[in-house]
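> Hey, dropping data.txt in here, compact mmCIF, C-alpha atoms and all ligand atoms:
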```
# COMPACT_ATOMS: atom_id res chain seq x y z
CA MET A 1282 0.00 0.00 0.00
CA GLU A 1283 1.27 3.41 -0.91
CA ASP A 1284 1.82 5.60 2.14
CA VAL A 1285 -0.28 8.52 0.87
CA PHE A 1286 -3.68 9.37 2.36
CA PRO A 1287 -5.94 12.08 0.97
CA TYR A 1288 -8.08 13.48 3.81
CA PRO A 1289 -10.11 11.91 5.27
CA VAL A 1290 -7.68 9.08 5.88
CA ALA A 1291 -10.66 6.73 6.12
CA ARG A 1292 -14.41 6.96 6.62
CA ILE A 1293 -15.39 4.70 9.51
CA GLY A 1294 -18.92 3.28 9.80
CA LEU A 1295 -19.69 2.55 13.43
CA ILE A 1296 -22.55 0.34 14.56
CA GLY A 1297 -23.62 1.48 18.03
CA GLY A 1298 -23.43 4.96 19.46
CA GLY A 1299 -22.59 4.34 23.13
CA GLN A 1300 -19.57 5.31 25.18
CA LEU A 1301 -17.16 2.91 23.50
CA GLY A 1302 -18.19 4.42 20.19
CA ARG A 1303 -17.78 7.94 21.54
CA MET A 1304 -14.17 7.27 22.55
CA LEU A 1305 -13.54 5.53 19.22
CA VAL A 1306 -14.81 8.58 17.32
CA LYS A 1307 -12.47 10.86 19.28
CA ALA A 1308 -9.53 8.64 18.37
CA ALA A 1309 -10.68 8.52 14.74
CA LYS A 1310 -10.61 12.29 14.56
CA SER A 1311 -7.02 12.36 15.87
CA LEU A 1312 -5.99 10.02 13.07
CA GLY A 1313 -7.72 12.15 10.42
CA CYS A 1314 -10.66 9.80 9.93
CA THR A 1315 -14.36 10.70 9.80
CA CYS A 1316 -17.16 8.60 11.31
CA VAL A 1317 -20.79 7.83 10.65
CA VAL A 1318 -22.64 6.29 13.58
CA LEU A 1319 -25.66 3.97 13.33
CA ASP A 1320 -27.77 4.12 16.48
CA PRO A 1321 -31.54 4.25 17.05
CA VAL A 1322 -31.33 7.13 19.54
CA PRO A 1323 -30.68 10.50 17.86
CA GLY A 1324 -27.84 12.43 19.50
CA SER A 1325 -26.20 9.26 20.85
CA PRO A 1326 -22.94 9.66 22.82
CA ALA A 1327 -20.90 8.71 19.73
CA GLY A 1328 -23.18 10.53 17.30
CA GLN A 1329 -22.65 13.84 19.14
CA VAL A 1330 -18.90 13.64 18.63
CA ALA A 1331 -19.03 12.25 15.08
CA GLY A 1332 -21.51 14.92 14.01
CA ASN A 1333 -22.87 12.35 11.60
CA GLN A 1334 -25.44 9.77 12.65
CA ILE A 1335 -27.91 7.52 10.88
CA ALA A 1336 -30.82 7.17 13.32
CA GLY A 1337 -31.81 3.58 12.80
CA ASP A 1338 -31.81 0.11 14.24
CA TYR A 1339 -28.56 -1.92 14.31
CA SER A 1340 -30.36 -4.85 12.77
CA ASP A 1341 -32.21 -3.04 9.99
CA PRO A 1342 -30.72 -4.35 6.72
CA ALA A 1343 -31.44 -1.08 4.88
CA MET A 1344 -29.70 0.98 7.57
CA LEU A 1345 -26.67 -1.33 7.67
CA ARG A 1346 -26.40 -1.09 3.91
CA ALA A 1347 -26.67 2.71 4.00
CA LEU A 1348 -23.89 2.75 6.60
CA ALA A 1349 -21.59 0.45 4.63
CA GLU A 1350 -22.14 2.39 1.43
CA SER A 1351 -21.18 5.68 3.05
CA CYS A 1352 -17.91 4.34 4.51
CA ASP A 1353 -14.61 2.62 3.75
CA VAL A 1354 -14.78 0.20 6.67
CA VAL A 1355 -17.51 -0.86 9.10
CA THR A 1356 -16.91 -1.76 12.74
CA PHE A 1357 -19.07 -2.05 15.89
CA GLU A 1358 -18.97 -1.21 19.56
CA LEU A 1359 -21.51 -3.79 20.73
CA GLU A 1360 -21.99 -7.43 19.89
CA ASP A 1361 -25.70 -8.17 19.95
CA ILE A 1362 -26.33 -7.28 16.31
CA GLU A 1363 -27.62 -9.34 13.40
CA THR A 1364 -24.75 -10.72 11.37
CA GLU A 1365 -26.73 -11.85 8.31
CA THR A 1366 -26.72 -8.48 6.55
CA LEU A 1367 -23.13 -7.85 7.60
CA ARG A 1368 -22.13 -11.12 5.92
CA GLU A 1369 -23.94 -10.11 2.75
CA LEU A 1370 -22.23 -6.74 2.73
CA GLU A 1371 -18.86 -8.41 3.26
CA ALA A 1372 -19.54 -10.83 0.40
CA GLU A 1373 -20.24 -7.82 -1.82
CA GLY A 1374 -16.82 -6.42 -1.02
CA HIS A 1375 -17.47 -4.09 1.93
CA LYS A 1376 -14.89 -4.26 4.68
CA VAL A 1377 -16.33 -5.26 8.06
CA PHE A 1378 -13.98 -5.82 11.03
CA PRO A 1379 -14.00 -7.85 13.17
CA ARG A 1380 -15.37 -10.26 10.55
CA PRO A 1381 -19.15 -10.98 10.82
CA GLU A 1382 -18.45 -14.73 10.89
CA LEU A 1383 -16.34 -14.29 14.03
CA LEU A 1384 -18.91 -11.96 15.59
CA ALA A 1385 -21.53 -14.70 15.08
CA THR A 1386 -19.33 -17.19 16.93
CA ILE A 1387 -18.55 -14.86 19.81
CA GLN A 1388 -22.01 -13.33 20.32
CA ASP A 1389 -23.41 -16.80 21.05
CA LYS A 1390 -21.63 -17.64 24.29
CA LEU A 1391 -22.17 -21.39 23.86
CA ARG A 1392 -20.59 -21.35 20.39
CA GLN A 1393 -17.79 -19.23 21.82
CA LYS A 1394 -17.11 -21.86 24.52
CA GLN A 1395 -17.17 -24.62 21.88
CA PHE A 1396 -14.68 -22.64 19.82
CA LEU A 1397 -12.35 -22.17 22.80
CA ARG A 1398 -12.50 -25.86 23.67
CA GLN A 1399 -11.76 -26.90 20.07
CA ALA A 1400 -8.88 -24.44 19.83
CA GLY A 1401 -7.33 -25.87 22.98
CA ILE A 1402 -7.76 -22.63 24.95
CA ALA A 1403 -8.21 -23.30 28.68
CA THR A 1404 -11.78 -22.53 29.76
CA SER A 1405 -14.13 -23.96 32.39
CA ASP A 1406 -16.04 -27.13 31.54
CA PHE A 1407 -19.58 -26.58 30.20
CA ALA A 1408 -22.69 -28.30 28.85
CA ASP A 1409 -25.54 -27.21 26.60
CA MET A 1410 -28.81 -26.78 28.53
CA PRO A 1411 -31.45 -25.80 25.98
CA ARG A 1412 -34.23 -26.56 28.46
CA PRO A 1413 -33.17 -25.83 32.06
CA HIS A 1414 -34.23 -28.67 34.36
CA ALA A 1415 -33.20 -29.67 37.88
CA GLU A 1416 -31.96 -33.16 36.91
CA GLY A 1417 -29.79 -31.74 34.13
CA PHE A 1418 -28.19 -29.23 36.46
CA SER A 1419 -27.59 -31.89 39.14
CA ALA A 1420 -26.11 -34.29 36.58
CA PHE A 1421 -23.66 -31.56 35.53
CA GLY A 1422 -22.93 -30.90 39.19
CA TYR A 1423 -22.85 -27.89 41.52
CA PRO A 1424 -21.49 -25.29 42.06
CA LEU A 1425 -22.27 -24.11 38.54
CA VAL A 1426 -23.05 -21.00 36.55
CA GLN A 1427 -26.03 -20.81 34.21
CA LYS A 1428 -25.67 -18.41 31.28
CA VAL A 1429 -27.95 -17.27 28.49
CA ARG A 1430 -26.45 -17.77 25.05
CA ARG A 1431 -27.04 -14.29 23.68
CA GLY A 1432 -27.66 -10.72 24.69
CA GLY A 1433 -26.47 -10.78 28.32
CA TYR A 1434 -24.10 -8.10 29.61
CA ASP A 1435 -22.84 -6.67 32.91
CA GLY A 1436 -23.82 -9.86 34.69
CA ARG A 1437 -27.40 -9.87 33.35
CA GLY A 1438 -27.88 -13.33 31.91
CA VAL A 1439 -25.55 -15.03 34.41
CA VAL A 1440 -26.68 -16.91 37.56
CA VAL A 1441 -24.23 -18.48 40.01
CA MET A 1442 -25.65 -21.50 41.89
CA GLN A 1443 -23.80 -23.03 44.81
CA ASP A 1444 -26.05 -26.06 45.25
CA ALA A 1445 -29.26 -27.76 44.10
CA ALA A 1446 -31.36 -25.56 46.40
CA ALA A 1447 -30.41 -22.60 44.20
CA PHE A 1448 -32.02 -24.17 41.12
CA ALA A 1449 -35.10 -22.06 41.88
CA THR A 1450 -33.11 -18.95 40.89
CA HIS A 1451 -32.39 -20.26 37.35
CA LEU A 1452 -33.28 -18.29 34.23
CA PRO A 1453 -36.17 -20.05 32.45
CA VAL A 1454 -34.57 -19.66 29.02
CA PRO A 1455 -32.41 -21.77 26.72
CA GLY A 1456 -28.79 -21.51 27.74
CA TYR A 1457 -25.91 -23.55 29.05
CA VAL A 1458 -24.19 -24.33 32.32
CA GLU A 1459 -20.53 -24.11 33.17
CA ARG A 1460 -18.33 -25.07 36.08
CA PHE A 1461 -18.08 -22.39 38.80
CA VAL A 1462 -14.45 -21.28 39.02
CA GLU A 1463 -13.08 -20.51 42.45
CA ALA A 1464 -11.16 -17.48 41.29
CA ASP A 1465 -8.48 -15.58 43.19
CA LYS A 1466 -8.77 -12.74 40.71
CA GLU A 1467 -10.52 -11.76 37.51
CA LEU A 1468 -8.07 -10.50 34.93
CA ALA A 1469 -8.41 -9.00 31.47
CA VAL A 1470 -5.98 -8.63 28.62
CA LEU A 1471 -6.58 -6.38 25.64
CA VAL A 1472 -5.26 -7.76 22.39
CA ALA A 1473 -4.94 -5.95 19.09
CA ARG A 1474 -4.45 -7.79 15.81
CA ASN A 1475 -4.37 -5.97 12.48
CA VAL A 1476 -5.40 -7.09 9.00
CA GLY A 1477 -1.80 -8.13 8.31
CA GLY A 1478 -1.77 -10.47 11.33
CA GLU A 1479 0.46 -8.31 13.53
CA CYS A 1480 -0.59 -8.91 17.14
CA ARG A 1481 0.09 -7.05 20.41
CA THR A 1482 -1.16 -7.22 23.96
CA TYR A 1483 -1.55 -4.58 26.66
CA PRO A 1484 -0.34 -5.26 30.20
CA THR A 1485 -2.77 -7.48 32.16
CA VAL A 1486 -5.33 -5.65 34.28
CA GLU A 1487 -7.36 -6.75 37.25
CA MET A 1488 -11.12 -6.28 37.38
CA ARG A 1489 -12.91 -5.96 40.68
CA PHE A 1490 -16.65 -6.43 40.55
CA ARG A 1491 -19.38 -5.18 42.83
CA ALA A 1492 -20.70 -8.22 44.71
CA THR A 1493 -24.32 -7.03 44.51
CA ASP A 1494 -24.78 -6.88 40.72
CA ASN A 1495 -21.47 -7.91 39.15
CA VAL A 1496 -20.86 -4.57 37.46
CA LEU A 1497 -17.18 -3.71 37.05
CA ASP A 1498 -16.58 -1.24 39.81
CA PHE A 1499 -12.84 -0.89 40.01
CA LEU A 1500 -10.08 -1.63 37.59
CA VAL A 1501 -6.43 -1.93 38.58
CA ALA A 1502 -3.70 -1.56 35.96
CA PRO A 1503 -1.36 -3.29 35.92
CA ALA A 1504 -2.84 -6.24 37.85
CA SER A 1505 -1.27 -6.99 41.24
CA ILE A 1506 0.06 -10.39 40.18
CA PRO A 1507 3.53 -11.92 39.74
CA ALA A 1508 5.19 -11.02 36.42
CA GLU A 1509 5.18 -14.68 35.44
CA VAL A 1510 1.37 -14.88 35.75
CA ALA A 1511 0.96 -11.67 33.74
CA ARG A 1512 3.14 -13.12 30.98
CA ARG A 1513 1.06 -16.31 30.91
CA ALA A 1514 -2.17 -14.27 30.79
CA GLU A 1515 -0.89 -12.17 27.89
CA ALA A 1516 0.26 -15.27 25.99
CA LEU A 1517 -3.11 -16.97 26.52
CA ALA A 1518 -4.98 -13.87 25.33
CA MET A 1519 -2.81 -13.58 22.24
CA ARG A 1520 -3.27 -17.26 21.44
CA THR A 1521 -7.05 -16.81 21.73
CA VAL A 1522 -7.20 -13.92 19.26
CA GLU A 1523 -4.80 -15.63 16.87
CA ALA A 1524 -6.91 -18.80 16.93
CA MET A 1525 -9.88 -16.61 15.97
CA HIS A 1526 -7.90 -14.77 13.28
CA GLY A 1527 -9.49 -11.70 14.86
CA VAL A 1528 -8.96 -8.24 13.40
CA GLY A 1529 -9.43 -5.31 15.77
CA VAL A 1530 -9.15 -4.93 19.52
CA PHE A 1531 -10.46 -7.76 21.71
CA GLY A 1532 -10.98 -7.90 25.46
CA ILE A 1533 -10.13 -11.31 26.88
CA GLU A 1534 -11.62 -11.84 30.34
CA MET A 1535 -10.06 -14.59 32.43
CA PHE A 1536 -10.02 -16.16 35.85
CA LEU A 1537 -6.89 -16.72 37.87
CA ALA A 1538 -7.92 -19.88 39.74
CA ALA A 1539 -6.72 -20.61 43.25
CA SER A 1540 -4.55 -23.36 41.70
CA GLY A 1541 -2.70 -20.73 39.62
CA GLU A 1542 -4.35 -21.91 36.43
CA LEU A 1543 -5.65 -19.31 33.98
CA LEU A 1544 -9.02 -19.93 32.32
CA VAL A 1545 -10.60 -17.76 29.64
CA ASN A 1546 -14.04 -16.61 30.79
CA GLU A 1547 -15.21 -14.72 27.73
CA VAL A 1548 -14.03 -12.80 24.72
CA ALA A 1549 -15.36 -9.36 23.74
CA PRO A 1550 -14.92 -8.67 20.01
CA ARG A 1551 -14.47 -4.95 20.61
CA THR A 1552 -12.80 -2.37 22.78
CA HIS A 1553 -13.43 -3.13 26.42
CA ASN A 1554 -14.42 -1.49 29.68
CA SER A 1555 -11.18 -2.81 31.18
CA GLY A 1556 -9.13 -0.69 28.76
CA HIS A 1557 -10.37 2.83 29.43
CA HIS A 1558 -7.21 3.67 31.39
CA THR A 1559 -5.20 3.20 28.19
CA ILE A 1560 -6.36 6.70 27.12
CA GLU A 1561 -4.18 8.36 29.76
CA ALA A 1562 -1.86 5.56 30.88
CA CYS A 1563 -0.60 3.94 27.66
CA VAL A 1564 1.30 5.23 24.65
CA THR A 1565 -1.47 4.15 22.27
CA ASP A 1566 -5.00 3.90 23.64
CA GLN A 1567 -7.26 0.96 22.82
CA PHE A 1568 -9.51 3.06 20.56
CA GLU A 1569 -6.75 4.34 18.30
CA GLN A 1570 -5.32 0.82 18.34
CA HIS A 1571 -8.60 -0.62 17.11
CA LEU A 1572 -8.61 1.83 14.20
CA ARG A 1573 -5.00 1.06 13.32
CA ALA A 1574 -5.87 -2.67 13.36
CA ILE A 1575 -8.93 -2.44 11.09
CA LEU A 1576 -7.32 0.05 8.71
CA GLY A 1577 -4.25 -2.13 8.20
CA LEU A 1578 -1.95 0.43 9.79
CA PRO A 1579 1.00 -0.53 12.01
CA LEU A 1580 -0.08 -1.22 15.60
CA GLY A 1581 0.93 1.32 18.23
CA ASP A 1582 3.09 0.95 21.29
CA THR A 1583 1.08 -0.71 24.10
CA ARG A 1584 3.48 0.23 26.89
CA GLN A 1585 1.89 1.53 30.06
CA LEU A 1586 3.60 4.70 31.30
CA SER A 1587 1.99 4.97 34.71
CA PRO A 1588 0.03 2.84 37.17
CA ALA A 1589 -3.69 3.56 36.91
CA THR A 1590 -7.11 2.68 38.28
CA MET A 1591 -10.51 3.22 36.72
CA VAL A 1592 -13.97 3.47 38.23
CA ASN A 1593 -17.23 3.50 36.32
CA LEU A 1594 -19.67 6.29 37.11
CA LEU A 1595 -23.03 4.56 37.38
CA GLY A 1596 -26.43 6.21 37.63
CA GLU A 1597 -27.26 6.51 41.34
CA PRO A 1598 -30.18 4.35 42.57
CA GLY A 1599 -33.38 6.33 43.02
CA TYR A 1600 -32.78 8.81 40.19
CA THR A 1601 -33.83 9.10 36.55
CA GLY A 1602 -34.17 11.92 34.02
CA ARG A 1603 -31.51 14.42 33.01
CA PRO A 1604 -28.17 13.64 34.68
CA VAL A 1605 -27.01 15.86 37.52
CA ILE A 1606 -23.33 15.44 38.35
CA VAL A 1607 -22.50 16.10 41.99
CA GLY A 1608 -18.89 16.45 43.17
CA LEU A 1609 -17.30 17.07 39.78
CA ALA A 1610 -15.19 20.03 40.90
CA ALA A 1611 -14.05 18.19 44.02
CA VAL A 1612 -12.66 15.25 42.04
CA LEU A 1613 -11.13 17.47 39.38
CA ALA A 1614 -9.19 19.19 42.16
CA ILE A 1615 -7.33 15.93 42.90
CA PRO A 1616 -4.09 15.62 40.89
CA GLY A 1617 -4.04 12.68 38.49
CA VAL A 1618 -7.83 12.42 38.18
CA CYS A 1619 -9.27 12.31 34.63
CA VAL A 1620 -13.05 12.47 34.22
CA HIS A 1621 -15.01 11.19 31.22
CA ILE A 1622 -18.74 11.99 31.01
CA TYR A 1623 -20.50 10.11 28.24
CA GLY A 1624 -23.14 12.67 27.25
CA LYS A 1625 -26.15 10.40 27.76
CA ALA A 1626 -29.37 12.43 27.80
CA THR A 1627 -30.92 10.46 30.65
CA THR A 1628 -29.73 8.51 33.64
CA LYS A 1629 -31.15 5.43 35.35
CA PRO A 1630 -29.95 3.34 38.26
CA GLY A 1631 -26.78 1.43 37.38
CA ARG A 1632 -26.45 2.91 33.88
CA LYS A 1633 -22.88 3.66 32.80
CA MET A 1634 -22.81 7.47 32.69
CA GLY A 1635 -19.06 8.03 32.68
CA HIS A 1636 -15.79 6.86 34.17
CA VAL A 1637 -12.85 8.26 36.05
CA THR A 1638 -9.25 7.21 35.53
CA VAL A 1639 -6.71 7.90 38.26
CA ILE A 1640 -3.01 8.03 37.46
CA ASP A 1641 -0.49 7.81 40.29
CA GLU A 1642 3.00 6.65 41.21
CA SER A 1643 1.79 3.27 42.44
CA VAL A 1644 -1.32 1.18 42.02
CA GLU A 1645 -1.91 1.47 45.79
CA ALA A 1646 -1.81 5.28 45.67
CA ALA A 1647 -4.12 5.30 42.65
CA CYS A 1648 -6.55 2.95 44.42
CA ALA A 1649 -6.64 5.18 47.50
CA LYS A 1650 -7.52 8.17 45.31
CA ALA A 1651 -10.11 6.13 43.41
CA GLU A 1652 -11.84 5.36 46.73
CA GLN A 1653 -11.93 9.09 47.43
CA VAL A 1654 -13.30 9.74 43.94
CA LYS A 1655 -16.05 7.17 44.42
CA ALA A 1656 -17.13 8.80 47.66
CA LEU A 1657 -17.16 12.29 46.13
CA ILE A 1658 -18.69 12.08 42.66
CA LYS A 1659 -22.23 10.86 41.97
CA VAL A 1660 -24.50 10.92 38.97
CA LEU A 1661 -27.99 11.80 40.19
CA GLY A 1662 -30.96 12.73 37.98
CA ASP A 1663 -33.51 15.54 37.91
CA LYS A 1664 -36.29 13.04 38.72
CA GLN A 1665 -36.48 10.96 41.87
CA SER A 1666 -38.04 7.54 41.52
N1 LIG B 1 -17.66 -20.02 35.55
C1 LIG B 1 -17.66 -19.00 36.43
N2 LIG B 1 -17.16 -19.15 37.68
C2 LIG B 1 -17.19 -18.14 38.57
N3 LIG B 1 -17.70 -16.93 38.32
C3 LIG B 1 -18.21 -16.69 37.10
C4 LIG B 1 -18.21 -17.71 36.07
N4 LIG B 1 -18.75 -17.19 34.96
C5 LIG B 1 -19.08 -15.91 35.25
N5 LIG B 1 -18.76 -15.60 36.53
C6 LIG B 1 -18.96 -14.28 37.20
O1 LIG B 1 -20.00 -13.56 36.55
C7 LIG B 1 -19.46 -12.40 35.90
C8 LIG B 1 -20.20 -12.13 34.60
O2 LIG B 1 -20.09 -13.25 33.72
P1 LIG B 1 -19.69 -13.09 32.21
O3 LIG B 1 -19.75 -14.43 31.58
O4 LIG B 1 -18.42 -12.34 32.11
O5 LIG B 1 -20.93 -12.24 31.65
P2 LIG B 1 -21.09 -10.73 31.16
O6 LIG B 1 -21.29 -10.86 29.70
O7 LIG B 1 -22.31 -10.26 31.86
O8 LIG B 1 -19.84 -9.99 31.52
C9 LIG B 1 -17.99 -12.69 35.74
O9 LIG B 1 -17.23 -11.50 35.63
C10 LIG B 1 -17.71 -13.44 37.02
O10 LIG B 1 -17.61 -12.56 38.13
MG MG B 2 -17.88 -10.49 31.33
```
Written as structure tokens, that's how I'd like the structure from this file.


Amino acid sequence: MEDVFPYPVARIGLIGGGQLGRMLVKAAKSLGCTCVVLDPVPGSPAGQVAGNQIAGDYSDPAMLRALAESCDVVTFELEDIETETLRELEAEGHKVFPRPELLATIQDKLRQKQFLRQAGIATSDFADMPRPHAEGFSAFGYPLVQKVRRGGYDGRGVVVMQDAAAFATHLPVPGYVERFVEADKELAVLVARNVGGECRTYPTVEMRFRATDNVLDFLVAPASIPAEVARRAEALAMRTVEAMHGVGVFGIEMFLAASGELLVNEVAPRTHNSGHHTIEACVTDQFEQHLRAILGLPLGDTRQLSPATMVNLLGEPGYTGRPVIVGLAAVLAIPGVCVHIYGKATTKPGRKMGHVTVIDESVEAACAKAEQVKALIKVLGDKQS
């Protein structure tokens, strides 16, 4: 390829207009690209920044076609989208990355597990459970985790059951069961692989979840684990994306079992909540990296320059309506605190409204500040429910 790019460098078609899309659009602008966003809600977080949005459903074939025809390459920031039209568009010569075929495998969590098993990637044992029934669960054995095959996120669609008495809490939908992993830590590794097959990982991070609803509540980067474990995690993540021939950025979630074994939990075929700190803490952030990967450009340096932590800003329980941010000035007064507000028009309890990254000399110092941040900043709403 000749190294000459008339502006715009590329026109990116983005399916989904949420916060991941918003940060991707910002990175696209830095690289001299333009973006068109497809999202049903006019003025979506990504659409605001792109200045160019098709207001339509992600699964509407006509809308997907309009998007592809107005762009050089199509990508997505969410995974629960119909792949049929995307496959057709690809067959007609439109570039779609990650490939629709791979998206179809990953978006169905059972197919994803089958893929991992076949590829020899360590993952917990599992069994198909199209019709949940007590005998089937007992035959598989407790403790187990029941998961829906498609559409779950942030812990919705996942039920942990310690014993047969917990069967009553099962989801009455087709799904599968997997072995409960007694995990010391939950880790994530971001992997970028470009169209030429060049592959790089970011340093392993540690995710800490809120016990009540399993939403990521605290991210620690780099993970507090021995260097040898981090190296194994990064190698496992890279092997996973290479086995998938994935193009783009992928978030590989894994468990560090008490035994020291690493097991892949799930793969996100997109930029990931566990990589927001890369904006301030790494040479190349995950969003720019994703663009480099899908445009066939050289991948950027993934080195982390400073320890960091990240907290999600979730809509406060009891509030809806227009967001009201309390404590913004107080957190901005703390050195090393970087605030990202996503521009969502309305809040609701638990909705991701923004995030805060804290940079400091050590992970411990960053964590202490993140605790302060969490106590100070809240996203309320102008309606109380
Ligand atoms: N096999 C398992 N063993 C133990 N905990 C699990 C297992 N599977 C999922 N979990 C817990 O549930 C959380 C959400 O599950 P996950 O499959 O990642 O779904 P989601 O798509 O909602 O992120 C995980 O981060 C982990 O805390
Ligand atoms: Mg997950």

> Which value, in Å to one decimal, gives the distance between CA of Ala1502 (chain A) and CA of Asp1582 (chain A)?

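Answer for the CA of Ala1502 (chain A) to CA of Asp1582 (chain A) separation: 16.4 Å.
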
> List all protein, DNA and RNA residues that have an atom no more than 10 Å from any atom of ligand LIG 1 (chain B), counting only C-alpha atoms and all ligand atoms, and report them as a ChimeraX atom specification.

/A:1388,1390,1404-1407,1424-1442,1458-1464,1466-1468,1488-1492,1494-1497,1533-1536,1538,1544-1549

> Taking into account only C-alpha atoms, which residue in the set A:Arg1303, A:Lys1625, A:Arg1412, A:Arg1551 is nearest to Pro1455 (chain A)?

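Smallest separation from Pro1455 (chain A) among the options: A:Arg1412.
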
> Which is closest to Pro1588 (chain A) among A:Leu1500, A:Val1605, A:Ala1331, A:Val1660, if we use all atoms listed in the file?

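Answer, going by the shortest atom-to-atom distance: A:Leu1500.
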
> Provide the CA of Lys1629 (chain A) to CA of Leu1595 (chain A) distance in Å, to one decimal place.

8.4 Å

> Residues at most 7 Å from region 1291-1301 of chain A, counting only C-alpha atoms, excluding those fewer than 3 positions away in the same chain, as a PDB file with C-alpha atoms, keeping the file's coordinate frame?


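Everything below was put into out_18.pdb:
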```pdb
ATOM      1  CA  MET A1304     -14.170   7.270  22.550  1.00  0.00           C
ATOM      2  CA  LEU A1305     -13.540   5.530  19.220  1.00  0.00           C
ATOM      3  CA  CYS A1314     -10.660   9.800   9.930  1.00  0.00           C
ATOM      4  CA  THR A1315     -14.360  10.700   9.800  1.00  0.00           C
ATOM      5  CA  CYS A1316     -17.160   8.600  11.310  1.00  0.00           C
ATOM      6  CA  VAL A1317     -20.790   7.830  10.650  1.00  0.00           C
ATOM      7  CA  VAL A1318     -22.640   6.290  13.580  1.00  0.00           C
ATOM      8  CA  LEU A1319     -25.660   3.970  13.330  1.00  0.00           C
ATOM      9  CA  ASP A1320     -27.770   4.120  16.480  1.00  0.00           C
ATOM     10  CA  SER A1325     -26.200   9.260  20.850  1.00  0.00           C
ATOM     11  CA  PRO A1326     -22.940   9.660  22.820  1.00  0.00           C
ATOM     12  CA  ALA A1327     -20.900   8.710  19.730  1.00  0.00           C
ATOM     13  CA  GLY A1328     -23.180  10.530  17.300  1.00  0.00           C
ATOM     14  CA  TYR A1339     -28.560  -1.920  14.310  1.00  0.00           C
ATOM     15  CA  LEU A1348     -23.890   2.750   6.600  1.00  0.00           C
ATOM     16  CA  ALA A1349     -21.590   0.450   4.630  1.00  0.00           C
ATOM     17  CA  CYS A1352     -17.910   4.340   4.510  1.00  0.00           C
ATOM     18  CA  ASP A1353     -14.610   2.620   3.750  1.00  0.00           C
ATOM     19  CA  VAL A1354     -14.780   0.200   6.670  1.00  0.00           C
ATOM     20  CA  VAL A1355     -17.510  -0.860   9.100  1.00  0.00           C
ATOM     21  CA  THR A1356     -16.910  -1.760  12.740  1.00  0.00           C
ATOM     22  CA  PHE A1357     -19.070  -2.050  15.890  1.00  0.00           C
ATOM     23  CA  GLU A1358     -18.970  -1.210  19.560  1.00  0.00           C
ATOM     24  CA  LEU A1359     -21.510  -3.790  20.730  1.00  0.00           C
ATOM     25  CA  THR A1552     -12.800  -2.370  22.780  1.00  0.00           C
ATOM     26  CA  TYR A1623     -20.500  10.110  28.240  1.00  0.00           C
TER      27      TYR A1623
END
```

> Would you mind reading off the distance between CA of Thr1628 (chain A) and CA of His1558 (chain A), one decimal, in Å?

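These two atoms are separated by 23.1 Å.
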
> Using all atoms listed in the file, which residue out of A:Arg1584, A:Lys1307, A:His1375, A:Lys1655 lies closest to Val1637 (chain A)?

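Of all the options, A:Lys1655 lies closest to Val1637 (chain A).
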
> Pick out the residues sitting within 8 Å of Asp1409 (chain A), and hand them over as an NGL selection string; count only C-alpha atoms, and ignore anything fewer than 6 positions along from it in its own chain.

:A and (1391 or 1456-1458)

> Would you kindly return, as a PyMOL selection string, each protein, DNA or RNA residue with an atom no farther than 10 Å from any atom of Gln1399 (chain A), considering all atoms listed in the file and excluding same-chain residues fewer than 5 positions away?

chain A and resi 1393-1394+1524

> Convert the current residue selection to file output with C-alpha atoms, as a CSV table (one decimal), in the coordinates of the input.


```csv
chain,number,residue,atom,x,y,z
A,1393,GLN,CA,-17.8,-19.2,21.8
A,1394,LYS,CA,-17.1,-21.9,24.5
A,1524,ALA,CA,-6.9,-18.8,16.9
```

> Could you check the closest approach to Arg1481 (chain A) for each of A:Met1519, A:Val1454, A:Ala1514, A:Leu1367 and tell me which residue wins, using only C-alpha atoms?

A:Met1519

> With distances taken over only C-alpha atoms, which of A:Ser1555, A:Gln1585, A:Asn1475, A:Ser1419 is nearest to Val1522 (chain A)?

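Nearest to Val1522 (chain A): A:Asn1475.
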
> As lines of an AutoDock Vina configuration file, please: the centre and edge lengths in Å, to one decimal, of an axis-aligned box enclosing every listed atom of region 1356-1361 of chain A with 8 Å added on each side.


```
center_x = -21.3
center_y = -4.7
center_z = 16.7
size_x = 24.8
size_y = 23.0
size_z = 24.0
```
